[in-house]
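Inspection log for the structure reproduced underneath, given as structure tokens.
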Amino acid sequence: MAGFDEARIGRLRTALARHVEVGEVPGLVALVDRGGETCVEVLGAAAVGGPPMRRDTVFRIASMTKPVLAAVTLSLVEECLLRLDDPVDGWLPELAGRRVLRSLDAALEDTVPARRPITLRDLLTFRMGTGVVMAPLGTYPIQTAMAEAGLMPGEVPPAARPEEWLAALGALPLMYQPGEVWQYHTGSDVLGILVERAVGKPLGEVFEERIFAPLGMRDTGFRIPAESLDRFATAYRPSPAGLSAYDTPADSAWSAPVFASGGGGLVSTADDYLAFCRMLLAEGRIPAGRGSAGRLLSRASVRLMTTDQLTAGQREAARLFFGESRSWGMGCGVTVRRDELWGSPGRFGWDGGAGTSGYADPAEDLVGVLLTQRSMTSPEPPPVFRDFWTSAYQAIDA
């Protein structure tokens, strides 16, 4: 296989099969593509005791939604419908006139005025001033308030409608001044609502028109259609007794979601996500053989997405997510230093908390997509992720 050492690429299946054999994951689809040559491994079952996994099995890709949202948003910036440094107040009046906690552990009433409005750039770079706090729930009053309001990210999309969710968020103070601190996730759900309002269409339609249809991503969307339920994997979380199902095709939250979560609501397949990553590697052009010919994004937009946007202090404060070698661009993680076999500087993409991983590497012309149905339990990549990426990179040939 061009681009991969024939003997070494065989190690990919061997390494991943161990995780299925011991029951760590019921099954998986693993795809690595280099220079248009694609290796796919399909292992295990779509559900414990269920049908075999298929190459076109549909998975919940969770936070791998975030780079897609960023690409859509930047396409709107290119059309001058949105501007990176404009306040979001015009589209999101619920977030105008923000108050900010005096400190993270302050009472909800102990606030000061925001020094400036939240901007589109803040949402794309997760510096809007609020988000996930990586501490046990209940450590801070604002955490409790976020949880009680249904604003914390979970395994399924929010139960509230977007306008209700945003109103609840607007009723609480920010945790930090806009632009000050990187905080995970919440900015992307806010951004999805902004995009809906700016375009005047549901987010799913915007994604379909601007990304999915042009790239031929037929199995990607914010809901699972009835005709695809037989290809929809059951989702599991680890528990002391083993794996516990939390979303099944028979009663899935993705059958009729009320909130199209820009932070984590998409379902997709390995080949569909490959098409998206290949478009980014082609600096915005549609890959040959996928959908219509042409360009979806400018080269400048792709480079903006995949360039480190954080200060050294912001990276350090988010070390739990980034470790020593990664940072954040616009909607995706970017590798800034090699400290792993697979830590190639310039590599970009993100993982999904439902058990998925998707990255592209311009230096190696490589895309990798790993889809499992076991939820992650921390920002640290689980062993199956590490073995997938190690196996992919050790197989690279000249």
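Residue numbering restarts at 1 in every chain; chains get A, B, ... in the order shown in the structure tokens, and ligands count up from 1 in that same order.
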field: Polymer residues at most 10 Å from segment 96-101 of chain A, only C-alpha atoms, same-chain spacing of 2 or more positions, as an MDAnalysis selection string
entry: chainID A and resid 87:94 103:118 129:130 142 170:178
task: Write out as number ranges by chain which residues come within 9 Å of Leu310 of chain A when counting only C-alpha atoms, dropping same-chain ones fewer than 6 positions away.
output: A: 125, 182, 327-329
Compile a residue-level contact table for segment 91-196 of chain A against segment 201-222 of chain A at a cut-off of 8 Å, reporting for every qualifying residue the shortest atom pair and its distance in Å to one decimal, with only C-alpha atoms counted, rows ordered by chain and ascending number, as CSV.
residue,atom,partner,partner_atom,distance
A:Gly192,CA,A:Leu203,CA,6.7
A:Ile193,CA,A:Leu203,CA,7.6
A:Val195,CA,A:Leu203,CA,7.0
A:Glu196,CA,A:Leu203,CA,5.2
Selection from above, C-alpha atoms, as a PDB file, in the first residue's frame, can you write it?
ATOM      1  CA  GLY A 192     -24.392  26.974  16.861  1.00  0.00           C
ATOM      2  CA  ILE A 193     -27.331  29.111  17.971  1.00  0.00           C
ATOM      3  CA  VAL A 195     -25.153  30.543  13.191  1.00  0.00           C
ATOM      4  CA  GLU A 196     -28.827  29.525  13.083  1.00  0.00           C
TER       5      GLU A 196
END
- prompt: What residues in segment 153-393 of chain A get the DSSP label strand (DSSP E)? Please answer as a PyMOL selection string.
  reply: chain A and resi 235-239+242-247+267-268+326-328+333-335+348-352+356-361+366-372
Okay, now the selection with N, CA, C and O atoms, as a compact mmCIF listing (two decimals), in the first residue's frame?
# COMPACT_ATOMS: atom_id res chain seq x y z
N ALA A 235 -24.58 3.04 22.19
CA ALA A 235 -23.56 3.80 22.93
C ALA A 235 -23.49 3.31 24.38
O ALA A 235 -24.53 3.06 25.01
N TYR A 236 -22.26 3.20 24.90
CA TYR A 236 -22.03 2.66 26.23
C TYR A 236 -21.16 3.60 27.05
O TYR A 236 -20.35 4.34 26.53
N ARG A 237 -21.37 3.50 28.36
CA ARG A 237 -20.45 4.12 29.32
C ARG A 237 -19.87 3.00 30.21
O ARG A 237 -20.56 2.01 30.49
N PRO A 238 -18.63 3.17 30.63
CA PRO A 238 -18.07 2.16 31.55
C PRO A 238 -18.71 2.26 32.92
O PRO A 238 -19.06 3.36 33.38
N SER A 239 -18.88 1.13 33.58
CA SER A 239 -19.43 1.08 34.94
C SER A 239 -18.71 -0.03 35.69
O SER A 239 -18.03 -0.86 35.09
N GLY A 242 -19.18 -3.31 34.21
CA GLY A 242 -18.83 -3.48 32.80
C GLY A 242 -19.33 -2.29 32.00
O GLY A 242 -19.32 -1.16 32.46
N LEU A 243 -19.80 -2.58 30.79
CA LEU A 243 -20.33 -1.52 29.93
C LEU A 243 -21.84 -1.42 30.10
O LEU A 243 -22.55 -2.42 30.08
N SER A 244 -22.32 -0.19 30.25
CA SER A 244 -23.74 0.06 30.45
C SER A 244 -24.25 0.92 29.29
O SER A 244 -23.72 2.00 29.02
N ALA A 245 -25.27 0.45 28.59
CA ALA A 245 -25.82 1.20 27.46
C ALA A 245 -26.56 2.43 27.94
O ALA A 245 -27.35 2.37 28.89
N TYR A 246 -26.31 3.57 27.27
CA TYR A 246 -27.05 4.79 27.61
C TYR A 246 -27.85 5.34 26.44
O TYR A 246 -28.69 6.23 26.61
N ASP A 247 -27.61 4.84 25.23
CA ASP A 247 -28.41 5.26 24.08
C ASP A 247 -28.43 4.12 23.07
O ASP A 247 -27.37 3.65 22.64
N VAL A 267 -23.98 12.77 14.28
CA VAL A 267 -23.67 11.37 14.04
C VAL A 267 -22.99 11.30 12.67
O VAL A 267 -23.24 12.14 11.80
N SER A 268 -22.13 10.29 12.48
CA SER A 268 -21.40 10.22 11.23
C SER A 268 -20.78 8.83 11.06
O SER A 268 -20.92 7.96 11.93
N ARG A 326 -0.12 20.29 22.94
CA ARG A 326 -1.23 20.72 22.10
C ARG A 326 -1.75 22.08 22.52
O ARG A 326 -1.48 22.56 23.62
N SER A 327 -2.54 22.67 21.65
CA SER A 327 -3.21 23.93 21.94
C SER A 327 -4.51 23.95 21.16
O SER A 327 -4.98 22.89 20.71
N TRP A 328 -5.10 25.12 21.00
CA TRP A 328 -6.41 25.24 20.36
C TRP A 328 -6.36 26.28 19.26
O TRP A 328 -5.79 27.37 19.44
N GLY A 333 -8.28 21.18 18.06
CA GLY A 333 -6.99 21.15 18.71
C GLY A 333 -5.87 21.14 17.67
O GLY A 333 -6.05 20.64 16.55
N VAL A 334 -4.74 21.70 18.03
CA VAL A 334 -3.57 21.72 17.14
C VAL A 334 -2.34 21.27 17.94
O VAL A 334 -2.18 21.64 19.10
N THR A 335 -1.51 20.48 17.30
CA THR A 335 -0.29 20.01 17.95
C THR A 335 0.83 21.01 17.70
O THR A 335 1.07 21.42 16.56
N PHE A 348 -3.93 18.43 13.35
CA PHE A 348 -5.10 19.10 13.90
C PHE A 348 -6.31 18.17 13.87
O PHE A 348 -6.38 17.23 13.08
N GLY A 349 -7.27 18.46 14.75
CA GLY A 349 -8.48 17.67 14.84
C GLY A 349 -8.96 17.66 16.28
O GLY A 349 -8.61 18.52 17.07
N TRP A 350 -9.76 16.63 16.63
CA TRP A 350 -10.25 16.58 17.99
C TRP A 350 -10.83 15.20 18.27
O TRP A 350 -11.08 14.42 17.34
N ASP A 351 -11.03 14.92 19.56
CA ASP A 351 -11.65 13.68 19.99
C ASP A 351 -13.10 13.93 20.39
O ASP A 351 -13.49 15.06 20.70
N GLY A 352 -13.89 12.87 20.40
CA GLY A 352 -15.28 12.96 20.84
C GLY A 352 -15.49 12.14 22.09
O GLY A 352 -15.03 11.00 22.18
N THR A 356 -14.63 8.65 20.16
CA THR A 356 -14.21 8.82 18.77
C THR A 356 -13.01 9.76 18.68
O THR A 356 -12.77 10.57 19.56
N SER A 357 -12.29 9.66 17.58
CA SER A 357 -11.10 10.48 17.38
C SER A 357 -10.90 10.72 15.89
O SER A 357 -11.01 9.78 15.09
N GLY A 358 -10.61 11.97 15.51
CA GLY A 358 -10.36 12.29 14.11
C GLY A 358 -9.37 13.42 13.96
O GLY A 358 -9.59 14.50 14.50
N TYR A 359 -8.26 13.15 13.26
CA TYR A 359 -7.21 14.15 13.07
C TYR A 359 -6.66 14.07 11.65
O TYR A 359 -6.74 13.03 10.99
N ALA A 360 -6.09 15.19 11.23
CA ALA A 360 -5.40 15.27 9.94
C ALA A 360 -4.00 15.82 10.17
O ALA A 360 -3.80 16.67 11.05
N ASP A 361 -3.05 15.35 9.38
CA ASP A 361 -1.65 15.74 9.54
C ASP A 361 -1.11 16.22 8.19
O ASP A 361 -0.81 15.41 7.31
N LEU A 366 -1.82 12.74 6.01
CA LEU A 366 -2.48 11.61 6.66
C LEU A 366 -3.75 12.05 7.37
O LEU A 366 -3.79 13.11 7.99
N VAL A 367 -4.79 11.21 7.27
CA VAL A 367 -6.01 11.37 8.06
C VAL A 367 -6.25 10.07 8.81
O VAL A 367 -6.08 8.97 8.26
N GLY A 368 -6.61 10.19 10.07
CA GLY A 368 -7.01 9.03 10.85
C GLY A 368 -8.36 9.27 11.50
O GLY A 368 -8.62 10.37 12.01
N VAL A 369 -9.24 8.28 11.45
CA VAL A 369 -10.55 8.36 12.08
C VAL A 369 -10.78 7.05 12.84
O VAL A 369 -10.72 5.97 12.24
N LEU A 370 -11.00 7.14 14.13
CA LEU A 370 -11.32 5.98 14.96
C LEU A 370 -12.68 6.20 15.59
O LEU A 370 -12.91 7.20 16.27
N LEU A 371 -13.59 5.26 15.37
CA LEU A 371 -14.94 5.36 15.92
C LEU A 371 -15.22 4.14 16.79
O LEU A 371 -15.19 3.00 16.31
N THR A 372 -15.45 4.39 18.08
CA THR A 372 -15.89 3.35 19.00
C THR A 372 -17.17 3.84 19.65
O THR A 372 -17.58 4.98 19.46
field: segment 281-288 of chain A surroundings by only C-alpha atoms, 7 Å radius, close-in-sequence under 5 positions cut, as a PyMOL selection string
entry: chain A and resi 215+293-299+302+360+362
Selected residues written out, N, CA, C and O atoms, as a compact mmCIF listing (two decimals), in the first residue's frame:
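Now in selection.txt:
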# COMPACT_ATOMS: atom_id res chain seq x y z
N LEU A 215 -19.74 17.67 0.09
CA LEU A 215 -18.74 16.62 0.31
C LEU A 215 -19.31 15.21 0.19
O LEU A 215 -18.59 14.24 0.37
N ALA A 293 -17.17 19.34 -7.55
CA ALA A 293 -15.84 19.94 -7.55
C ALA A 293 -15.93 21.38 -7.06
O ALA A 293 -16.98 22.02 -7.10
N GLY A 294 -14.80 21.88 -6.58
CA GLY A 294 -14.77 23.28 -6.18
C GLY A 294 -14.16 23.47 -4.81
O GLY A 294 -13.46 22.61 -4.28
N ARG A 295 -14.42 24.60 -4.22
CA ARG A 295 -13.83 24.99 -2.95
C ARG A 295 -14.93 25.33 -1.94
O ARG A 295 -15.87 26.04 -2.25
N LEU A 296 -14.80 24.80 -0.72
CA LEU A 296 -15.74 25.10 0.35
C LEU A 296 -15.25 26.24 1.24
O LEU A 296 -16.05 27.03 1.73
N LEU A 297 -13.95 26.29 1.48
CA LEU A 297 -13.35 27.30 2.33
C LEU A 297 -12.11 27.86 1.64
O LEU A 297 -11.47 27.19 0.83
N SER A 298 -11.75 29.07 2.03
CA SER A 298 -10.49 29.62 1.54
C SER A 298 -9.33 28.98 2.26
O SER A 298 -9.46 28.44 3.37
N ARG A 299 -8.18 29.04 1.62
CA ARG A 299 -6.95 28.56 2.28
C ARG A 299 -6.73 29.31 3.58
O ARG A 299 -6.33 28.74 4.59
N VAL A 302 -8.89 27.87 6.50
CA VAL A 302 -8.39 26.60 7.02
C VAL A 302 -7.15 26.84 7.88
O VAL A 302 -7.00 26.25 8.95
N ALA A 360 -6.09 15.19 11.23
CA ALA A 360 -5.40 15.27 9.94
C ALA A 360 -4.00 15.82 10.17
O ALA A 360 -3.80 16.67 11.05
N PRO A 362 -0.99 17.54 7.98
CA PRO A 362 -0.50 18.04 6.69
C PRO A 362 0.90 17.57 6.35
O PRO A 362 1.19 17.28 5.17
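Close contacts of segment 384-386 of chain A, defined as residues with an atom at most 10 Å away when counting only C-alpha atoms, with chain neighbours fewer than 3 positions off set aside, comprise Ala15, Leu16, Ala17, Arg18, His19, Val20, Glu24, Val25, Leu28, Glu340, Leu341, Trp342, Asp351, Gly355, Thr356, Ser357, Val369, Leu370, Leu371, Thr372, Glu380, Pro381, Trp389, Thr390, Ser391 and Ala392 of chain A.
Checking A:Val32, A:Ala363, A:Ala135, A:Val22 one by one against Gly44 of chain A, counting only C-alpha atoms, you find the shortest gap at A:Val22.
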Determine which residues of segment 41-240 of chain A DSSP labels as alpha helix (DSSP H) from the backbone of this structure, then write them out as a compact mmCIF listing (two decimals) with N, CA, C and O atoms, in the first residue's frame.
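Listed below is the output, result.txt:
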# COMPACT_ATOMS: atom_id res chain seq x y z
N THR A 65 -17.84 17.18 16.32
CA THR A 65 -18.73 18.16 15.69
C THR A 65 -18.09 19.54 15.65
O THR A 65 -18.34 20.34 14.73
N LYS A 66 -17.27 19.86 16.63
CA LYS A 66 -16.74 21.22 16.79
C LYS A 66 -15.97 21.73 15.57
O LYS A 66 -16.17 22.88 15.15
N PRO A 67 -15.06 20.94 14.96
CA PRO A 67 -14.38 21.45 13.77
C PRO A 67 -15.33 21.72 12.61
O PRO A 67 -15.10 22.64 11.81
N VAL A 68 -16.40 20.92 12.49
CA VAL A 68 -17.37 21.15 11.41
C VAL A 68 -18.07 22.49 11.62
O VAL A 68 -18.25 23.27 10.69
N LEU A 69 -18.46 22.77 12.86
CA LEU A 69 -19.09 24.05 13.17
C LEU A 69 -18.15 25.21 12.86
O LEU A 69 -18.57 26.24 12.32
N ALA A 70 -16.87 25.05 13.19
CA ALA A 70 -15.91 26.12 12.91
C ALA A 70 -15.80 26.38 11.41
O ALA A 70 -15.73 27.54 10.97
N ALA A 71 -15.78 25.30 10.63
CA ALA A 71 -15.68 25.46 9.17
C ALA A 71 -16.91 26.20 8.63
O ALA A 71 -16.79 27.10 7.78
N VAL A 72 -18.09 25.84 9.11
CA VAL A 72 -19.31 26.53 8.68
C VAL A 72 -19.26 28.00 9.07
O VAL A 72 -19.59 28.89 8.27
N THR A 73 -18.84 28.27 10.30
CA THR A 73 -18.78 29.66 10.78
C THR A 73 -17.83 30.50 9.94
O THR A 73 -18.16 31.64 9.55
N LEU A 74 -16.66 29.95 9.64
CA LEU A 74 -15.70 30.72 8.85
C LEU A 74 -16.17 30.92 7.42
O LEU A 74 -15.81 31.92 6.77
N SER A 75 -17.01 30.01 6.91
CA SER A 75 -17.58 30.26 5.58
C SER A 75 -18.50 31.48 5.61
O SER A 75 -18.59 32.23 4.63
N LEU A 76 -19.15 31.71 6.75
CA LEU A 76 -20.00 32.90 6.90
C LEU A 76 -19.16 34.16 7.07
O LEU A 76 -19.55 35.25 6.63
N VAL A 77 -18.00 34.02 7.72
CA VAL A 77 -17.07 35.16 7.83
C VAL A 77 -16.57 35.54 6.45
O VAL A 77 -16.46 36.74 6.11
N GLU A 78 -16.28 34.54 5.62
CA GLU A 78 -15.80 34.82 4.26
C GLU A 78 -16.83 35.62 3.45
O GLU A 78 -16.46 36.43 2.60
N LEU A 120 -17.38 36.91 18.27
CA LEU A 120 -17.36 35.64 17.53
C LEU A 120 -16.04 34.93 17.74
O LEU A 120 -15.99 33.70 17.89
N ARG A 121 -14.95 35.66 17.75
CA ARG A 121 -13.63 35.06 17.98
C ARG A 121 -13.60 34.35 19.34
O ARG A 121 -13.02 33.26 19.46
N ASP A 122 -14.20 34.95 20.35
CA ASP A 122 -14.24 34.32 21.67
C ASP A 122 -14.95 32.97 21.62
O ASP A 122 -14.52 32.01 22.28
N LEU A 123 -16.04 32.88 20.87
CA LEU A 123 -16.77 31.62 20.78
C LEU A 123 -15.95 30.55 20.06
O LEU A 123 -15.90 29.40 20.48
N LEU A 124 -15.29 30.93 18.97
CA LEU A 124 -14.49 29.97 18.20
C LEU A 124 -13.28 29.48 18.97
O LEU A 124 -12.84 28.34 18.79
N PRO A 141 -20.11 27.50 43.35
CA PRO A 141 -21.55 27.79 43.18
C PRO A 141 -21.97 27.86 41.71
O PRO A 141 -23.07 27.42 41.36
N ILE A 142 -21.12 28.41 40.84
CA ILE A 142 -21.49 28.54 39.43
C ILE A 142 -21.63 27.18 38.78
O ILE A 142 -22.48 26.98 37.89
N GLN A 143 -20.83 26.19 39.21
CA GLN A 143 -20.99 24.83 38.68
C GLN A 143 -22.37 24.27 39.01
O GLN A 143 -23.04 23.70 38.15
N THR A 144 -22.76 24.43 40.26
CA THR A 144 -24.06 23.93 40.69
C THR A 144 -25.17 24.60 39.90
O THR A 144 -26.13 23.95 39.45
N ALA A 145 -25.06 25.91 39.72
CA ALA A 145 -26.08 26.65 38.98
C ALA A 145 -26.14 26.19 37.52
O ALA A 145 -27.24 26.05 36.96
N MET A 146 -25.00 25.97 36.90
CA MET A 146 -24.97 25.49 35.51
C MET A 146 -25.63 24.12 35.41
O MET A 146 -26.42 23.86 34.50
N ALA A 147 -25.31 23.23 36.34
CA ALA A 147 -25.89 21.89 36.32
C ALA A 147 -27.40 21.94 36.51
O ALA A 147 -28.16 21.27 35.81
N GLU A 148 -27.85 22.73 37.49
CA GLU A 148 -29.29 22.82 37.76
C GLU A 148 -30.06 23.42 36.60
O GLU A 148 -31.24 23.09 36.38
N PRO A 162 -33.11 25.43 21.85
CA PRO A 162 -31.99 26.38 21.86
C PRO A 162 -32.29 27.70 22.54
O PRO A 162 -31.47 28.21 23.31
N GLU A 163 -33.48 28.27 22.30
CA GLU A 163 -33.79 29.57 22.90
C GLU A 163 -33.94 29.45 24.42
O GLU A 163 -33.57 30.38 25.15
N GLU A 164 -34.45 28.32 24.89
CA GLU A 164 -34.58 28.10 26.34
C GLU A 164 -33.20 27.92 26.97
O GLU A 164 -32.92 28.45 28.05
N TRP A 165 -32.37 27.15 26.28
CA TRP A 165 -31.01 26.89 26.77
C TRP A 165 -30.22 28.20 26.87
O TRP A 165 -29.56 28.47 27.88
N LEU A 166 -30.31 29.03 25.84
CA LEU A 166 -29.57 30.28 25.83
C LEU A 166 -30.10 31.26 26.87
O LEU A 166 -29.32 31.99 27.51
N ALA A 167 -31.41 31.27 27.08
CA ALA A 167 -31.98 32.14 28.11
C ALA A 167 -31.47 31.73 29.49
O ALA A 167 -31.16 32.59 30.33
N ALA A 168 -31.34 30.43 29.73
CA ALA A 168 -30.82 29.96 31.01
C ALA A 168 -29.36 30.36 31.18
O ALA A 168 -28.93 30.77 32.27
N LEU A 169 -28.59 30.27 30.10
CA LEU A 169 -27.19 30.68 30.18
C LEU A 169 -27.08 32.18 30.43
O LEU A 169 -26.25 32.64 31.23
N GLY A 170 -27.92 32.96 29.76
CA GLY A 170 -27.89 34.41 29.92
C GLY A 170 -28.30 34.88 31.29
O GLY A 170 -27.97 36.01 31.68
N THR A 186 -18.81 25.09 26.04
CA THR A 186 -20.03 25.89 26.01
C THR A 186 -20.06 26.86 24.84
O THR A 186 -21.11 27.07 24.23
N GLY A 187 -18.92 27.44 24.49
CA GLY A 187 -18.87 28.38 23.38
C GLY A 187 -19.37 27.79 22.07
O GLY A 187 -19.93 28.51 21.24
N SER A 188 -19.17 26.49 21.87
CA SER A 188 -19.61 25.89 20.61
C SER A 188 -21.12 25.75 20.54
O SER A 188 -21.72 25.93 19.46
N ASP A 189 -21.77 25.43 21.65
CA ASP A 189 -23.23 25.38 21.62
C ASP A 189 -23.82 26.77 21.43
O ASP A 189 -24.82 26.95 20.72
N VAL A 190 -23.20 27.78 22.05
CA VAL A 190 -23.62 29.16 21.81
C VAL A 190 -23.42 29.53 20.34
O VAL A 190 -24.30 30.13 19.70
N LEU A 191 -22.30 29.14 19.78
CA LEU A 191 -21.98 29.47 18.40
C LEU A 191 -22.98 28.84 17.44
O LEU A 191 -23.37 29.45 16.44
N GLY A 192 -23.40 27.61 17.72
CA GLY A 192 -24.39 26.97 16.86
C GLY A 192 -25.69 27.76 16.80
O GLY A 192 -26.31 27.90 15.74
N ILE A 193 -26.12 28.30 17.95
CA ILE A 193 -27.33 29.11 17.97
C ILE A 193 -27.12 30.40 17.19
O ILE A 193 -28.01 30.84 16.43
N LEU A 194 -25.96 31.02 17.33
CA LEU A 194 -25.66 32.24 16.58
C LEU A 194 -25.73 31.98 15.08
O LEU A 194 -26.30 32.78 14.32
N VAL A 195 -25.14 30.87 14.62
CA VAL A 195 -25.15 30.54 13.19
C VAL A 195 -26.58 30.37 12.69
O VAL A 195 -26.95 30.86 11.61
N GLU A 196 -27.42 29.68 13.47
CA GLU A 196 -28.83 29.52 13.08
C GLU A 196 -29.49 30.88 12.89
O GLU A 196 -30.21 31.11 11.90
N ARG A 197 -29.27 31.77 13.82
CA ARG A 197 -29.92 33.08 13.75
C ARG A 197 -29.35 33.93 12.62
O ARG A 197 -30.09 34.67 11.94
N ALA A 198 -28.05 33.83 12.40
CA ALA A 198 -27.43 34.64 11.36
C ALA A 198 -27.91 34.22 9.97
O ALA A 198 -28.13 35.07 9.09
N VAL A 199 -28.07 32.92 9.77
CA VAL A 199 -28.48 32.41 8.45
C VAL A 199 -29.99 32.37 8.32
O VAL A 199 -30.53 32.43 7.21
N LEU A 203 -29.75 24.71 12.22
CA LEU A 203 -28.33 24.41 12.07
C LEU A 203 -28.09 23.20 11.17
O LEU A 203 -27.14 23.19 10.38
N GLY A 204 -28.95 22.20 11.27
CA GLY A 204 -28.78 21.03 10.41
C GLY A 204 -28.85 21.38 8.94
O GLY A 204 -28.09 20.84 8.13
N GLU A 205 -29.75 22.28 8.57
CA GLU A 205 -29.84 22.69 7.17
C GLU A 205 -28.60 23.46 6.73
O GLU A 205 -28.12 23.31 5.61
N VAL A 206 -28.08 24.30 7.63
CA VAL A 206 -26.88 25.07 7.30
C VAL A 206 -25.70 24.12 7.06
O VAL A 206 -24.95 24.26 6.08
N PHE A 207 -25.53 23.15 7.94
CA PHE A 207 -24.46 22.17 7.77
C PHE A 207 -24.63 21.38 6.48
O PHE A 207 -23.66 21.11 5.76
N ALA A 213 -23.66 18.17 1.88
CA ALA A 213 -24.03 17.92 0.49
C ALA A 213 -22.85 18.09 -0.47
O ALA A 213 -22.60 17.22 -1.30
N PRO A 214 -22.09 19.19 -0.37
CA PRO A 214 -20.94 19.33 -1.27
C PRO A 214 -19.91 18.21 -1.14
O PRO A 214 -19.26 17.84 -2.11
N LEU A 215 -19.74 17.67 0.09
CA LEU A 215 -18.74 16.62 0.31
C LEU A 215 -19.31 15.21 0.19
O LEU A 215 -18.59 14.24 0.37
